[in-house]
Amino acid sequence: MDQVLTPDFTGKERTIDTGAAELIDKAHRMGIETGFDRLARMLPQCGFGLLGVCCRRCYNGPCRVSLFEEGPRRGVCGASADTIVARNFLETLTAGAAPHAEHAREVALTLLEAAEGRAPYPIRSPEKLRQLAAGLGIEAEGVADRELAAAVAHRALADFQQQDGVIGWLGVHAPAEARERWDKLGVLPTNAHLEIARSATRTAMGCDADPVNLLLGAVTMGLVDGYDGCHLSSDLQDVLFGMPQLVRTRARLGVLEAEQVNIAVHGHVPVLSEKVLEAAGRLKEEAREAGAQGINVVGVCCTGNELMERHGVPLASNFAGQELVLMTGACDAMVVDVQCIMPGLAEVAKCFHTAFITTLPYVKIPGATHVEFSPARADQAAEEIVRRAIAAYRRRNPALVTIPDDTVEMWGGFTPENILGALGKVNAADPLGPLVDAVAAGDILGAVAIVGCTGFKVRHDWANTELARHLLRHNVLVLANGCGGHSLARHGFTVPGGKALEYCGASLRGVLEAVGQANGLPSLPPVLHVGSCVDNARVADLLVALAARLGVAVRDLPVAGSSPEVQSPKVLSIGAYFLSLGVDVHVGLSLQTEGSPFVHRFLTEPAGGEEPTLDALLGSTLIVESDPARAAEKILARLRHKRQALGLKEAAVASA
């Protein structure tokens with residue numbers, strides 16, 4: 001959308017969520033600044049930065065390279081626009097992959113401490129543990145769970161230490177055909193930390209200046225994020241916290257409750273939030289003594305998704321709405337771990353009674369209370385956090401409480417195992433058969449995962465939901481996770497038999513109803529909620545299984561990923577992972593690559609020209625389009641292209 005915001009916008013102009021709009025207007029009345037205001041005051045943003053041609057890699061700069069004849073064509077060191085844009089792109093992907101890799105390492109260390117009896121976490125899924133051991137070639141016969149968990153944890157940590165070979169988690173999950181292609185391109189990662197450090201080195205002043213080589217480095221970063229970020233995190237969290245189950249819960253800001261102590265958990269690593277939920281259960285009587293009816297834990301961003309898919313914890317809001325959770329005046333504690341935490345939360349919390357609590361030594365925010373968390377003292381830290389929330393509840397000012405009165409039902413917890421289980425009720429002998437048959441017959445055109453973010457440049461939740469409507473109408477199976485999953489859950493897309501079923505094309509609706517009714521539901525939800533950002537690993541596992549069932553490569557499947565409201569570098573590094581598999585990826589905002597026509601063409605143009613492209617190397621393209629309707633058209637064209645290459649029959653006609 002055009003950058004024409006003004007500081008006096010209304011809530012309805014910035015979000016399609018009526019409750020969120022109400023709280024944006026409340027913030028204006030109270031003179032409280034939120035991210036919506038800060039963006040409006042920032043405009044117009046730097047044109048050089050938006051094109052990706054600003055370089056600050058040394059103190060000869062900053063250098064700003066021009067696309068026009070009268071301006072400078074190279075930086076002081078001689079770097080061209082192609083080099084500067086490619087470096088900036090790789091640097092962004094590195095900034096995305098690093099927190100996901102650190103997330104995985106934290107979970108691996110927690111598993112090791114739990115296995116050695118130094119942290120109070122049980123092994124909740126020994127079945128997943130043994131499955132991983134088999135994939136890693138670790139002997140499990142007759143080995144106790146904790147001993148096996150230690151072995152798996154050590155193997156996970158080797159992915160951050162080994163100096164030769166290929167990361168182990170790639171061997172567990174990567175299809176052989178893709179691995180062979182990556183090997184030929186020279187992009188296979190050896191260890192996550194090494195590749196992140198190497199990427200930081202190659203983008204430093206005076207190092208790698210070859211745009212193609214830098215872009216191949218972006219593929220390596222995608223593999224780091226995919227295997228030693230998403231897959232490793234998701235796998236080990238399943239071992240520690242249990243496999244997600246199909247759950248029915250609620251979403252939207254109305255999930256906060258006036259008569260309860262409300263604790264919002266926010267971030268991405270559920271090692272802390274699992275313990276906060278446990279402590280909330282233990283300390284309910286203390287909350288009652290403070291005058292509350294109990295303790296209500298609600299989720300924000302991906303920590304919320306993790307608790308939702310395992311425990312049914314309701315989802316309050318996503319990235320762009322995190323400050324609005326505090327604007328209710330009913331949030332007694334906002335507890336954060338890492339990733340997507342806005343420093344502005346501290347300023348909003350000061351306007352209310354809310355205890356804003358940081359927990360990790362490398363994520364501290366001025367104005368927040370810091371409660372140091374580590375796996376070894378998890379129970380003590382969690383209880384301290386909950387007691388701080390109870391103490392804050394005593395200070396709550398009822399006159400400042402505004403809880404929107406709307407919530408919606410949502411279903412989540414879909415995993416490859418749960419999806420196959422549901423399909424198995426239709427065909428127990430071949431669970432993937434019904435899905436394969438529906439795609440082959442054209443009843444399902446293809447599948448798209450709507451993932452990633454919400455931000456402030458796009459009307460909150462609008463692009464995520466609008467793209468979903470267009471895709472469903474054309475009989476595309478839609479999955480969702482991360483903050484995009486929040487958007488679709490909060491607007492009714494994840495309910496079996498709900499109103500969103502009306503958006504579906506007739507043939508897709510028939511498939512959803514047939515599978516749903518075989519499982520005792522009116523239908524499957526129009527959108528399958530598959531969890532948090534790292535649960536993109538589950539999407540990838542489903543694609544690998546489907547490709548194996550069809551006897552084709554993942555790159556041949558009529559599938560795509562999309563982040564219509566992208567804001568975080570993590571979306572790009574996850575996107576690079578799916579691009580490396582040969583899966584097309586759509587983003588709804590400029591990636592700041594247009595300053596180099598070469599780099600932009602490499603990423604976005606189909607194969608067939610004289611210059612190298614991502615599509616020629618990997619079978620995938622990056623689609624950059626802000627308008628959801630036009631984005632849907634471009635995604636649909638690529639799905640049809642891949643169907644045609646597979647020789648599949650014409651797809652069903654879209655609904656009117």
# chains A, B, ... in the order shown; residues from 1 in each chain; ligands from 1
>>> residues_around(residues="segment 117-119 of chain A", least_positions_apart="5", cutoff="8 Å", atoms="only C-alpha atoms", output="NGL selection string")
:A and (110 or 375-378)
>>> closest_atom_pairs(of="segment 140-245 of chain A", to="segment 551-574 of chain A", cutoff="7 Å", atoms="only C-alpha atoms", output="Markdown table")
| residue | atom | partner | partner_atom | distance |
| --- | --- | --- | --- | --- |
| A:Glu177 | CA | A:Ala553 | CA | 6.8 |
| A:Met221 | CA | A:Ser573 | CA | 6.6 |
| A:Gly222 | CA | A:Ser573 | CA | 5.0 |
| A:Asp225 | CA | A:Ile574 | CA | 6.2 |
| A:Gly226 | CA | A:Ile574 | CA | 6.3 |
>>> write_last_selection(atoms="C-alpha atoms", output="PDB file, in the first residue's frame")
ATOM      1  CA  GLU A 177      17.519 -35.253  -4.706  1.00  0.00           C
ATOM      2  CA  MET A 221      21.710 -19.426   5.236  1.00  0.00           C
ATOM      3  CA  GLY A 222      18.328 -20.804   4.233  1.00  0.00           C
ATOM      4  CA  ASP A 225      17.597 -21.826   9.210  1.00  0.00           C
ATOM      5  CA  GLY A 226      15.609 -24.734   7.804  1.00  0.00           C
TER       6      GLY A 226
END
>>> residues_around(residues="Val527 of chain A", least_positions_apart="6", cutoff="8 Å", atoms="only C-alpha atoms", output="count of residues only")
7
>>> select_by_dssp(residues="segment 142-371 of chain A", states="helix (DSSP H, G or I)", output="VMD selection string")
chain A and resid 145 to 158 168 to 173 176 to 185 192 to 202 211 to 241 253 to 255 270 to 282 284 to 289 301 to 311 319 to 327 344 to 350
>>> atom_distance(atom1="atom CA of Glu69 of chain A", atom2="atom CA of Ser590 of chain A")
23.4 Å
>>> residues_around(residues="segment 121-126 of chain A", least_positions_apart="3", cutoff="8 Å", atoms="only C-alpha atoms", output="list of chain:residue names")
A:Leu111, A:Ala114, A:Leu129, A:Arg130, A:Asp145, A:Arg146, A:Asp238, A:Val239, A:Leu240, A:Phe241, A:Gly242, A:Met243
>>> residues_around(residues="segment 609-623 of chain A", least_positions_apart="5", cutoff="8 Å", atoms="only C-alpha atoms", output="PyMOL selection string")
chain A and resi 181+555-556+579-587+601-604+631+634-635
>>> closest_residue(among="A:Val65, A:Val300, A:Leu467, A:Leu246", to="Leu636 of chain A", atoms="only C-alpha atoms")
A:Leu467
>>> atom_distance(atom1="atom CA of Gly510 of chain A", atom2="atom CA of Asp461 of chain A")
27.2 Å
>>> closest_residue(among="A:Val534, A:Leu521, A:Ala656, A:Val336", to="Ala104 of chain A", atoms="only C-alpha atoms")
A:Val534
>>> select_by_dssp(residues="segment 427-535 of chain A", states="strand (DSSP E or B)", output="NGL selection string")
:A and (446-450 or 460 or 476-480 or 527-529)
>>> write_last_selection(atoms="C-alpha atoms", output="PDB file, in the first residue's frame")
ATOM      1  CA  GLY A 446      -2.220 -26.965  -5.011  1.00  0.00           C
ATOM      2  CA  ALA A 447      -1.217 -25.901  -1.521  1.00  0.00           C
ATOM      3  CA  VAL A 448       0.084 -22.620  -0.083  1.00  0.00           C
ATOM      4  CA  ALA A 449       1.405 -21.946   3.425  1.00  0.00           C
ATOM      5  CA  ILE A 450       0.673 -18.408   4.655  1.00  0.00           C
ATOM      6  CA  HIS A 460      -3.046  -5.253  10.290  1.00  0.00           C
ATOM      7  CA  VAL A 476      -6.002 -24.045  -3.016  1.00  0.00           C
ATOM      8  CA  LEU A 477      -5.391 -25.899   0.254  1.00  0.00           C
ATOM      9  CA  VAL A 478      -4.108 -23.312   2.751  1.00  0.00           C
ATOM     10  CA  LEU A 479      -1.930 -23.930   5.787  1.00  0.00           C
ATOM     11  CA  ALA A 480      -0.784 -21.208   8.162  1.00  0.00           C
ATOM     12  CA  VAL A 527      -7.063 -23.139   6.897  1.00  0.00           C
ATOM     13  CA  LEU A 528      -4.967 -25.689   8.792  1.00  0.00           C
ATOM     14  CA  HIS A 529      -3.048 -23.986  11.616  1.00  0.00           C
TER      15      HIS A 529
END
>>> residues_around(residues="segment 132-135 of chain A", least_positions_apart="3", cutoff="12 Å", atoms="only C-alpha atoms", output="count of residues only")
35
>>> closest_residue(among="A:Leu324, A:Ser655, A:Gly312, A:Asp379", to="Asn475 of chain A", atoms="only C-alpha atoms")
A:Ser655
>>> closest_residue(among="A:Cys331, A:Ser273, A:Thr249, A:His311", to="Met410 of chain A", atoms="only C-alpha atoms")
A:Thr249
>>> closest_residue(among="A:Ala440, A:Val53, A:Ala330, A:Leu43", to="Ala81 of chain A", atoms="only C-alpha atoms")
A:Val53
>>> closest_residue(among="A:Leu214, A:Ile196, A:Leu546, A:Val166", to="Asp430 of chain A", atoms="only C-alpha atoms")
A:Leu546
>>> residues_around(residues="Val511 of chain A", least_positions_apart="6", cutoff="12 Å", atoms="only C-alpha atoms", output="PDB file with C-alpha atoms, in the first residue's frame")
ATOM      1  CA  LEU A 423      -6.670 -38.650   6.008  1.00  0.00           C
ATOM      2  CA  VAL A 426     -10.715 -41.916   4.642  1.00  0.00           C
ATOM      3  CA  PRO A 434      -6.995 -38.968  -0.706  1.00  0.00           C
ATOM      4  CA  LEU A 435      -4.801 -35.870  -0.897  1.00  0.00           C
ATOM      5  CA  VAL A 436      -2.888 -37.193  -3.916  1.00  0.00           C
ATOM      6  CA  ASP A 437      -6.122 -38.133  -5.671  1.00  0.00           C
ATOM      7  CA  ALA A 438      -7.670 -34.711  -5.010  1.00  0.00           C
ATOM      8  CA  VAL A 439      -4.622 -32.912  -6.423  1.00  0.00           C
ATOM      9  CA  ALA A 441      -8.105 -34.826 -10.196  1.00  0.00           C
ATOM     10  CA  GLY A 442      -7.847 -31.041  -9.958  1.00  0.00           C
ATOM     11  CA  ASP A 443     -10.172 -30.819  -6.958  1.00  0.00           C
ATOM     12  CA  ILE A 444      -7.247 -29.212  -5.145  1.00  0.00           C
ATOM     13  CA  LEU A 445      -5.192 -26.920  -7.372  1.00  0.00           C
ATOM     14  CA  ASN A 475      -9.445 -24.446  -4.575  1.00  0.00           C
ATOM     15  CA  VAL A 476      -6.002 -24.045  -3.016  1.00  0.00           C
ATOM     16  CA  LEU A 477      -5.391 -25.899   0.254  1.00  0.00           C
ATOM     17  CA  LEU A 501     -15.921 -22.418   4.404  1.00  0.00           C
ATOM     18  CA  CYS A 504     -13.739 -22.109  -0.627  1.00  0.00           C
ATOM     19  CA  GLY A 505     -14.195 -23.264  -4.182  1.00  0.00           C
ATOM     20  CA  GLN A 517     -16.939 -35.822   8.308  1.00  0.00           C
ATOM     21  CA  ALA A 518     -14.840 -38.992   8.302  1.00  0.00           C
ATOM     22  CA  PRO A 522     -18.588 -30.889   9.747  1.00  0.00           C
ATOM     23  CA  SER A 523     -15.390 -30.286   7.737  1.00  0.00           C
ATOM     24  CA  LEU A 524     -11.714 -29.692   8.151  1.00  0.00           C
ATOM     25  CA  PRO A 525     -11.003 -26.008   8.817  1.00  0.00           C
ATOM     26  CA  PRO A 526     -10.539 -24.035   5.579  1.00  0.00           C
TER      27      PRO A 526
END
>>> atom_distance(atom1="atom CA of Leu646 of chain A", atom2="atom CA of Leu543 of chain A")
15.5 Å
>>> decode(residues="segment 16-66 of chain A", atoms="N, CA and C atoms", output="PDB file, in the first residue's frame")
ATOM      1  N   ILE A  16      -8.056  -4.591  10.546  1.00  0.00           N
ATOM      2  CA  ILE A  16      -9.401  -5.096  10.268  1.00  0.00           C
ATOM      3  C   ILE A  16     -10.013  -5.743  11.504  1.00  0.00           C
ATOM      4  N   ASP A  17      -9.270  -5.805  12.600  1.00  0.00           N
ATOM      5  CA  ASP A  17      -9.748  -6.373  13.859  1.00  0.00           C
ATOM      6  C   ASP A  17     -10.441  -5.258  14.648  1.00  0.00           C
ATOM      7  N   THR A  18     -11.745  -5.399  14.872  1.00  0.00           N
ATOM      8  CA  THR A  18     -12.497  -4.326  15.533  1.00  0.00           C
ATOM      9  C   THR A  18     -12.002  -4.068  16.949  1.00  0.00           C
ATOM     10  N   GLY A  19     -11.634  -5.133  17.672  1.00  0.00           N
ATOM     11  CA  GLY A  19     -11.116  -4.950  19.026  1.00  0.00           C
ATOM     12  C   GLY A  19      -9.788  -4.225  19.023  1.00  0.00           C
ATOM     13  N   ALA A  20      -8.909  -4.580  18.085  1.00  0.00           N
ATOM     14  CA  ALA A  20      -7.624  -3.897  17.981  1.00  0.00           C
ATOM     15  C   ALA A  20      -7.814  -2.434  17.601  1.00  0.00           C
ATOM     16  N   ALA A  21      -8.779  -2.154  16.698  1.00  0.00           N
ATOM     17  CA  ALA A  21      -9.054  -0.772  16.308  1.00  0.00           C
ATOM     18  C   ALA A  21      -9.509   0.043  17.510  1.00  0.00           C
ATOM     19  N   GLU A  22     -10.350  -0.562  18.346  1.00  0.00           N
ATOM     20  CA  GLU A  22     -10.826   0.116  19.553  1.00  0.00           C
ATOM     21  C   GLU A  22      -9.661   0.509  20.458  1.00  0.00           C
ATOM     22  N   LEU A  23      -8.662  -0.371  20.562  1.00  0.00           N
ATOM     23  CA  LEU A  23      -7.536  -0.100  21.458  1.00  0.00           C
ATOM     24  C   LEU A  23      -6.537   0.875  20.843  1.00  0.00           C
ATOM     25  N   ILE A  24      -6.417   0.893  19.517  1.00  0.00           N
ATOM     26  CA  ILE A  24      -5.595   1.922  18.872  1.00  0.00           C
ATOM     27  C   ILE A  24      -6.186   3.297  19.154  1.00  0.00           C
ATOM     28  N   ASP A  25      -7.501   3.407  19.034  1.00  0.00           N
ATOM     29  CA  ASP A  25      -8.150   4.686  19.324  1.00  0.00           C
ATOM     30  C   ASP A  25      -8.002   5.053  20.799  1.00  0.00           C
ATOM     31  N   LYS A  26      -8.055   4.069  21.683  1.00  0.00           N
ATOM     32  CA  LYS A  26      -7.848   4.330  23.109  1.00  0.00           C
ATOM     33  C   LYS A  26      -6.442   4.883  23.339  1.00  0.00           C
ATOM     34  N   ALA A  27      -5.455   4.306  22.661  1.00  0.00           N
ATOM     35  CA  ALA A  27      -4.073   4.793  22.801  1.00  0.00           C
ATOM     36  C   ALA A  27      -3.984   6.251  22.373  1.00  0.00           C
ATOM     37  N   HIS A  28      -4.663   6.613  21.285  1.00  0.00           N
ATOM     38  CA  HIS A  28      -4.649   8.002  20.837  1.00  0.00           C
ATOM     39  C   HIS A  28      -5.263   8.926  21.888  1.00  0.00           C
ATOM     40  N   ARG A  29      -6.385   8.494  22.449  1.00  0.00           N
ATOM     41  CA  ARG A  29      -7.041   9.340  23.454  1.00  0.00           C
ATOM     42  C   ARG A  29      -6.152   9.544  24.674  1.00  0.00           C
ATOM     43  N   MET A  30      -5.394   8.498  25.033  1.00  0.00           N
ATOM     44  CA  MET A  30      -4.534   8.583  26.217  1.00  0.00           C
ATOM     45  C   MET A  30      -3.168   9.172  25.906  1.00  0.00           C
ATOM     46  N   GLY A  31      -2.902   9.451  24.635  1.00  0.00           N
ATOM     47  CA  GLY A  31      -1.599   9.996  24.261  1.00  0.00           C
ATOM     48  C   GLY A  31      -0.474   8.983  24.348  1.00  0.00           C
ATOM     49  N   ILE A  32      -0.797   7.699  24.170  1.00  0.00           N
ATOM     50  CA  ILE A  32       0.201   6.634  24.242  1.00  0.00           C
ATOM     51  C   ILE A  32       0.629   6.264  22.829  1.00  0.00           C
ATOM     52  N   GLU A  33       1.909   6.280  22.578  1.00  0.00           N
ATOM     53  CA  GLU A  33       2.452   6.006  21.247  1.00  0.00           C
ATOM     54  C   GLU A  33       2.609   4.506  21.043  1.00  0.00           C
ATOM     55  N   THR A  34       2.182   4.030  19.861  1.00  0.00           N
ATOM     56  CA  THR A  34       2.391   2.637  19.482  1.00  0.00           C
ATOM     57  C   THR A  34       3.146   2.582  18.152  1.00  0.00           C
ATOM     58  N   GLY A  35       3.429   1.374  17.696  1.00  0.00           N
ATOM     59  CA  GLY A  35       4.139   1.209  16.433  1.00  0.00           C
ATOM     60  C   GLY A  35       3.402   1.819  15.260  1.00  0.00           C
ATOM     61  N   PHE A  36       2.072   1.831  15.308  1.00  0.00           N
ATOM     62  CA  PHE A  36       1.305   2.441  14.232  1.00  0.00           C
ATOM     63  C   PHE A  36       1.636   3.933  14.123  1.00  0.00           C
ATOM     64  N   ASP A  37       1.757   4.605  15.261  1.00  0.00           N
ATOM     65  CA  ASP A  37       2.113   6.031  15.273  1.00  0.00           C
ATOM     66  C   ASP A  37       3.553   6.251  14.825  1.00  0.00           C
ATOM     67  N   ARG A  38       4.451   5.386  15.319  1.00  0.00           N
ATOM     68  CA  ARG A  38       5.874   5.600  15.014  1.00  0.00           C
ATOM     69  C   ARG A  38       6.158   5.467  13.529  1.00  0.00           C
ATOM     70  N   LEU A  39       5.478   4.534  12.849  1.00  0.00           N
ATOM     71  CA  LEU A  39       5.677   4.424  11.406  1.00  0.00           C
ATOM     72  C   LEU A  39       5.155   5.671  10.699  1.00  0.00           C
ATOM     73  N   ALA A  40       3.981   6.132  11.086  1.00  0.00           N
ATOM     74  CA  ALA A  40       3.407   7.309  10.429  1.00  0.00           C
ATOM     75  C   ALA A  40       4.342   8.507  10.533  1.00  0.00           C
ATOM     76  N   ARG A  41       5.027   8.641  11.666  1.00  0.00           N
ATOM     77  CA  ARG A  41       5.931   9.781  11.867  1.00  0.00           C
ATOM     78  C   ARG A  41       7.284   9.567  11.184  1.00  0.00           C
ATOM     79  N   MET A  42       7.543   8.345  10.766  1.00  0.00           N
ATOM     80  CA  MET A  42       8.816   8.021  10.125  1.00  0.00           C
ATOM     81  C   MET A  42       8.797   8.341   8.632  1.00  0.00           C
ATOM     82  N   LEU A  43       7.614   8.470   8.052  1.00  0.00           N
ATOM     83  CA  LEU A  43       7.489   8.592   6.608  1.00  0.00           C
ATOM     84  C   LEU A  43       7.831   9.995   6.124  1.00  0.00           C
ATOM     85  N   PRO A  44       8.358  10.158   4.912  1.00  0.00           N
ATOM     86  CA  PRO A  44       8.744   9.072   4.001  1.00  0.00           C
ATOM     87  C   PRO A  44      10.058   8.424   4.434  1.00  0.00           C
ATOM     88  N   GLN A  45      10.156   7.120   4.229  1.00  0.00           N
ATOM     89  CA  GLN A  45      11.376   6.411   4.603  1.00  0.00           C
ATOM     90  C   GLN A  45      12.449   6.586   3.530  1.00  0.00           C
ATOM     91  N   CYS A  46      13.688   6.295   3.910  1.00  0.00           N
ATOM     92  CA  CYS A  46      14.842   6.531   3.030  1.00  0.00           C
ATOM     93  C   CYS A  46      14.725   5.733   1.733  1.00  0.00           C
ATOM     94  N   GLY A  47      14.724   6.436   0.604  1.00  0.00           N
ATOM     95  CA  GLY A  47      14.619   5.769  -0.685  1.00  0.00           C
ATOM     96  C   GLY A  47      15.806   4.891  -1.003  1.00  0.00           C
ATOM     97  N   PHE A  48      17.005   5.296  -0.596  1.00  0.00           N
ATOM     98  CA  PHE A  48      18.185   4.462  -0.835  1.00  0.00           C
ATOM     99  C   PHE A  48      18.077   3.155  -0.045  1.00  0.00           C
ATOM    100  N   GLY A  49      17.623   3.265   1.196  1.00  0.00           N
ATOM    101  CA  GLY A  49      17.464   2.060   1.994  1.00  0.00           C
ATOM    102  C   GLY A  49      16.412   1.133   1.427  1.00  0.00           C
ATOM    103  N   LEU A  50      15.290   1.686   0.944  1.00  0.00           N
ATOM    104  CA  LEU A  50      14.223   0.862   0.382  1.00  0.00           C
ATOM    105  C   LEU A  50      14.681   0.136  -0.872  1.00  0.00           C
ATOM    106  N   LEU A  51      15.629   0.711  -1.598  1.00  0.00           N
ATOM    107  CA  LEU A  51      16.167   0.051  -2.796  1.00  0.00           C
ATOM    108  C   LEU A  51      17.317  -0.900  -2.469  1.00  0.00           C
ATOM    109  N   GLY A  52      17.840  -0.824  -1.237  1.00  0.00           N
ATOM    110  CA  GLY A  52      18.938  -1.708  -0.841  1.00  0.00           C
ATOM    111  C   GLY A  52      20.308  -1.234  -1.261  1.00  0.00           C
ATOM    112  N   VAL A  53      20.453   0.054  -1.632  1.00  0.00           N
ATOM    113  CA  VAL A  53      21.736   0.531  -2.151  1.00  0.00           C
ATOM    114  C   VAL A  53      22.452   1.453  -1.167  1.00  0.00           C
ATOM    115  N   CYS A  54      22.136   1.338   0.109  1.00  0.00           N
ATOM    116  CA  CYS A  54      22.861   2.071   1.142  1.00  0.00           C
ATOM    117  C   CYS A  54      23.836   1.119   1.825  1.00  0.00           C
ATOM    118  N   CYS A  55      25.104   1.513   1.921  1.00  0.00           N
ATOM    119  CA  CYS A  55      26.131   0.649   2.518  1.00  0.00           C
ATOM    120  C   CYS A  55      26.808   1.372   3.676  1.00  0.00           C
ATOM    121  N   ARG A  56      26.847   0.686   4.848  1.00  0.00           N
ATOM    122  CA  ARG A  56      27.506   1.242   6.046  1.00  0.00           C
ATOM    123  C   ARG A  56      28.563   0.268   6.573  1.00  0.00           C
ATOM    124  N   ARG A  57      29.287  -0.369   5.688  1.00  0.00           N
ATOM    125  CA  ARG A  57      30.203  -1.427   6.115  1.00  0.00           C
ATOM    126  C   ARG A  57      31.570  -0.918   6.545  1.00  0.00           C
ATOM    127  N   CYS A  58      31.849   0.328   6.310  1.00  0.00           N
ATOM    128  CA  CYS A  58      33.113   0.880   6.791  1.00  0.00           C
ATOM    129  C   CYS A  58      32.924   2.369   7.032  1.00  0.00           C
ATOM    130  N   TYR A  59      33.939   3.022   7.566  1.00  0.00           N
ATOM    131  CA  TYR A  59      33.819   4.435   7.919  1.00  0.00           C
ATOM    132  C   TYR A  59      34.226   5.369   6.792  1.00  0.00           C
ATOM    133  N   ASN A  60      34.440   4.813   5.584  1.00  0.00           N
ATOM    134  CA  ASN A  60      34.490   5.659   4.402  1.00  0.00           C
ATOM    135  C   ASN A  60      33.081   6.069   3.985  1.00  0.00           C
ATOM    136  N   GLY A  61      32.082   5.341   4.482  1.00  0.00           N
ATOM    137  CA  GLY A  61      30.697   5.599   4.137  1.00  0.00           C
ATOM    138  C   GLY A  61      29.991   6.389   5.218  1.00  0.00           C
ATOM    139  N   PRO A  62      28.658   6.415   5.221  1.00  0.00           N
ATOM    140  CA  PRO A  62      27.801   5.560   4.390  1.00  0.00           C
ATOM    141  C   PRO A  62      27.803   5.984   2.923  1.00  0.00           C
ATOM    142  N   CYS A  63      27.737   4.968   2.061  1.00  0.00           N
ATOM    143  CA  CYS A  63      27.707   5.195   0.624  1.00  0.00           C
ATOM    144  C   CYS A  63      26.299   4.926   0.101  1.00  0.00           C
ATOM    145  N   ARG A  64      25.854   5.775  -0.808  1.00  0.00           N
ATOM    146  CA  ARG A  64      24.529   5.627  -1.401  1.00  0.00           C
ATOM    147  C   ARG A  64      24.709   5.611  -2.915  1.00  0.00           C
ATOM    148  N   VAL A  65      24.472   4.465  -3.508  1.00  0.00           N
ATOM    149  CA  VAL A  65      24.686   4.295  -4.944  1.00  0.00           C
ATOM    150  C   VAL A  65      23.403   4.646  -5.683  1.00  0.00           C
ATOM    151  N   SER A  66      23.535   5.369  -6.776  1.00  0.00           N
ATOM    152  CA  SER A  66      22.373   5.848  -7.526  1.00  0.00           C
ATOM    153  C   SER A  66      22.087   4.962  -8.725  1.00  0.00           C
TER     154      SER A  66
END
